[in-house]
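The next block holds one structure in the form of structure tokens; read it before the comments.
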Amino acid sequence: MKKIFLGLALSAIVMFQACQSADKKSSTMKDSVAGDTSMVNGNHVVGAESTETSLDDDGNNFLKKAAVGGIMEVEAAKIALKNASNADVKAFAQQMLTDHTKANTELKELAIAKKVITPDALPAEDQIHLDEMKKMTGSNFDKHYVDMMITDHEKTVKLFELGKQNKDSDLKKWASSTLTVIEGHTVKAKELASTVK
């Protein structure tokens with residue numbers, strides 16, 4: 001009986017040590033890969049440090065606000081191409097669609113490079129505004145759209161003036177070149193306002 005008990009005790013000790021050894025190996029292996037991989041804007045990246053953006057809070061916020069503004073300009077332009085009655089307003093909307101689609105693509109590439117997740121959709125209040133615009137037609141639509149473009153572009157100019165002062169050289173360069181285009185849109189929208197009544 002003593003031999004059986006001793007044999008069982010010895011077996012238990014050997015099994016216990018084997019389990020502990022396996023746990024150590026498994027936890028060591030887990031630790032060596034934990035945090036090494038993650039996703040940024042849908043892209044697989046390696047290294048825990050690679051998920052940290054190189055931008056400061058101002059740069060991060062700038063890209064997010066600029067992304068929402070860009071989406072709004074593209075979606076409003078699409079509605080204007082359908083609902084506007086004035087040929088000049090339609091031509092302006094086409095320019096908005098072309099320029100802001102290009103700017104949105106550049107912004108997304110910059111955001112991915114800087115590891116900033118930017119919105120792909122509009123906030124609810126902006127979407128509601130666009131849904132209301134879809135119901136408008138003719139000269140009422142033309143006036144509303146042009147007034148909206150003046151207001152939006154004046155706000156966007158202020159945003160991009162802040163963006164071009166950011167310490168990140170890539171962001172500063174993109175904000176500066178895009179600001180020139182946005183300032184041109186503002187001038188054109190104001191010219192349109194004098195002809196659209």
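Residues in the structure tokens are numbered from 1 in each chain, the chains being A, B, ... in the order shown, and ligands are numbered from 1 in the order shown.
Shell of Ala111 in chain A at 12 Å, with only C-alpha atoms counted and residues fewer than 6 places along the chain excluded, is A:Val40, A:Asn41, A:Thr53, A:Ser54, A:Leu55, A:Gly59, A:Asn60, A:Asn61, A:Phe62, A:Leu63, A:Lys64, A:Lys65, A:Ala66, A:Ala67, A:Asn104, A:Thr105, A:Ile117, A:Thr118, A:Pro119, A:Asp120, A:Asp170, A:Leu171, A:Trp174.
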Run DSSP on the backbone of this structure and report the residues of range 27-189 of chain A it assigns to helix (DSSP H, G or I), as JSON, numbers by chain. {"A": [27, 28, 29, 30, 31, 32, 33, 48, 49, 50, 51, 57, 58, 59, 60, 61, 62, 63, 64, 65, 66, 67, 68, 69, 70, 71, 72, 73, 74, 75, 76, 77, 78, 79, 80, 81, 82, 83, 87, 88, 89, 90, 91, 92, 93, 94, 95, 96, 97, 98, 99, 100, 101, 102, 103, 104, 105, 106, 107, 108, 109, 110, 111, 112, 113, 124, 125, 126, 127, 128, 129, 130, 131, 132, 133, 138, 139, 140, 141, 142, 143, 144, 145, 146, 147, 148, 149, 150, 151, 152, 153, 154, 155, 156, 157, 158, 159, 160, 161, 162, 163, 169, 170, 171, 172, 173, 174, 175, 176, 177, 178, 179, 180, 181, 182, 183, 184, 185, 186, 187, 188, 189]}
Deliver the residues from the most recent selection as a file, using C-alpha atoms, as a short mmCIF file (atom, residue, chain, number, x, y, z; two decimals), in the first residue's frame.
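Output file result-v4.cif follows:
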data_model
loop_
_atom_site.label_atom_id
_atom_site.label_comp_id
_atom_site.auth_asym_id
_atom_site.auth_seq_id
_atom_site.Cartn_x
_atom_site.Cartn_y
_atom_site.Cartn_z
CA SER A 27 3.11 31.96 -21.63
CA THR A 28 6.56 32.80 -23.01
CA MET A 29 5.33 32.15 -26.52
CA LYS A 30 2.19 34.20 -25.91
CA ASP A 31 4.25 37.10 -24.57
CA SER A 32 6.57 37.07 -27.56
CA VAL A 33 3.72 37.67 -30.01
CA ALA A 48 2.96 47.38 -31.40
CA GLU A 49 4.51 50.82 -31.87
CA SER A 50 3.21 51.01 -35.43
CA THR A 51 -0.36 51.69 -34.26
CA ASP A 57 -3.90 65.95 -31.28
CA ASP A 58 -4.29 69.01 -33.52
CA GLY A 59 -3.14 67.08 -36.58
CA ASN A 60 -5.32 64.11 -35.70
CA ASN A 61 -8.40 66.32 -35.24
CA PHE A 62 -7.62 68.25 -38.41
CA LEU A 63 -7.63 65.08 -40.54
CA LYS A 64 -10.90 63.88 -39.00
CA LYS A 65 -12.68 67.22 -39.52
CA ALA A 66 -11.28 67.58 -43.03
CA ALA A 67 -12.50 64.06 -43.87
CA VAL A 68 -16.07 64.87 -42.79
CA GLY A 69 -16.00 68.17 -44.69
CA GLY A 70 -14.69 66.46 -47.82
CA ILE A 71 -17.38 63.78 -47.73
CA MET A 72 -20.03 66.48 -47.30
CA GLU A 73 -18.75 68.43 -50.33
CA VAL A 74 -18.77 65.34 -52.56
CA GLU A 75 -22.26 64.22 -51.51
CA ALA A 76 -23.72 67.75 -51.83
CA ALA A 77 -22.15 68.07 -55.30
CA LYS A 78 -23.79 64.81 -56.41
CA ILE A 79 -27.19 66.17 -55.35
CA ALA A 80 -26.51 69.49 -57.08
CA LEU A 81 -25.71 67.73 -60.35
CA LYS A 82 -29.21 66.22 -60.25
CA ASN A 83 -31.28 69.00 -58.66
CA ALA A 87 -25.98 75.58 -65.66
CA ASP A 88 -23.27 77.53 -63.79
CA VAL A 89 -24.30 75.91 -60.50
CA LYS A 90 -24.11 72.47 -62.16
CA ALA A 91 -20.64 73.29 -63.54
CA PHE A 92 -19.53 74.43 -60.08
CA ALA A 93 -20.91 71.22 -58.56
CA GLN A 94 -18.94 69.16 -61.08
CA GLN A 95 -15.78 71.04 -60.09
CA MET A 96 -16.56 70.36 -56.41
CA LEU A 97 -17.03 66.67 -57.14
CA THR A 98 -13.73 66.43 -59.05
CA ASP A 99 -11.59 68.49 -56.65
CA HIS A 100 -12.98 67.09 -53.40
CA THR A 101 -12.87 63.48 -54.59
CA LYS A 102 -9.17 63.99 -55.34
CA ALA A 103 -8.60 65.71 -51.97
CA ASN A 104 -10.49 62.94 -50.12
CA THR A 105 -8.29 60.28 -51.74
CA GLU A 106 -5.14 62.18 -50.77
CA LEU A 107 -6.45 62.70 -47.23
CA LYS A 108 -7.17 58.96 -46.83
CA GLU A 109 -3.66 58.08 -48.03
CA LEU A 110 -2.14 60.59 -45.60
CA ALA A 111 -4.31 59.29 -42.75
CA ILE A 112 -3.22 55.71 -43.41
CA ALA A 113 0.44 56.77 -43.54
CA ALA A 124 -26.33 62.19 -38.52
CA GLU A 125 -27.11 65.95 -38.66
CA ASP A 126 -25.13 66.36 -41.89
CA GLN A 127 -26.87 63.37 -43.45
CA ILE A 128 -30.25 64.81 -42.47
CA HIS A 129 -29.29 68.11 -44.16
CA LEU A 130 -28.37 66.26 -47.37
CA ASP A 131 -31.63 64.28 -47.26
CA GLU A 132 -33.54 67.58 -47.04
CA MET A 133 -31.54 68.98 -49.98
CA GLY A 138 -34.89 74.58 -59.20
CA SER A 139 -33.86 78.06 -58.11
CA ASN A 140 -34.59 77.27 -54.43
CA PHE A 141 -32.03 74.49 -54.60
CA ASP A 142 -29.52 76.63 -56.51
CA LYS A 143 -29.62 79.41 -53.90
CA HIS A 144 -29.45 76.98 -50.96
CA TYR A 145 -26.50 75.08 -52.47
CA VAL A 146 -24.49 78.20 -53.32
CA ASP A 147 -25.11 79.73 -49.87
CA MET A 148 -24.08 76.44 -48.29
CA MET A 149 -20.88 76.36 -50.38
CA ILE A 150 -19.91 79.87 -49.26
CA THR A 151 -20.49 79.06 -45.57
CA ASP A 152 -18.81 75.65 -45.73
CA HIS A 153 -15.78 76.86 -47.67
CA GLU A 154 -15.23 79.84 -45.36
CA LYS A 155 -15.14 77.40 -42.39
CA THR A 156 -12.92 75.02 -44.34
CA VAL A 157 -10.44 77.80 -45.19
CA LYS A 158 -10.05 78.50 -41.44
CA LEU A 159 -9.59 74.78 -40.72
CA PHE A 160 -6.93 74.39 -43.43
CA GLU A 161 -5.10 77.54 -42.29
CA LEU A 162 -4.69 75.79 -38.93
CA GLY A 163 -3.69 72.56 -40.70
CA SER A 169 5.67 68.39 -42.61
CA ASP A 170 3.51 65.97 -44.68
CA LEU A 171 0.28 67.27 -43.19
CA LYS A 172 1.43 70.88 -43.55
CA LYS A 173 2.32 70.36 -47.22
CA TRP A 174 -1.02 68.71 -48.05
CA ALA A 175 -3.04 71.31 -46.12
CA SER A 176 -1.22 74.15 -47.90
CA SER A 177 -1.73 72.80 -51.41
CA THR A 178 -5.37 71.89 -50.73
CA LEU A 179 -6.05 75.29 -49.13
CA THR A 180 -5.23 76.99 -52.44
CA VAL A 181 -7.94 74.93 -54.17
CA ILE A 182 -10.47 75.61 -51.40
CA GLU A 183 -9.81 79.36 -51.55
CA GLY A 184 -10.53 79.21 -55.29
CA HIS A 185 -13.83 77.44 -54.55
CA THR A 186 -14.77 80.17 -52.07
CA VAL A 187 -14.18 82.92 -54.63
CA LYS A 188 -16.18 81.06 -57.28
CA ALA A 189 -19.09 80.39 -54.87
#
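Note that the spacing between CA of Thr195 in chain A and CA of Thr137 in chain A amounts to 17.1 Å.
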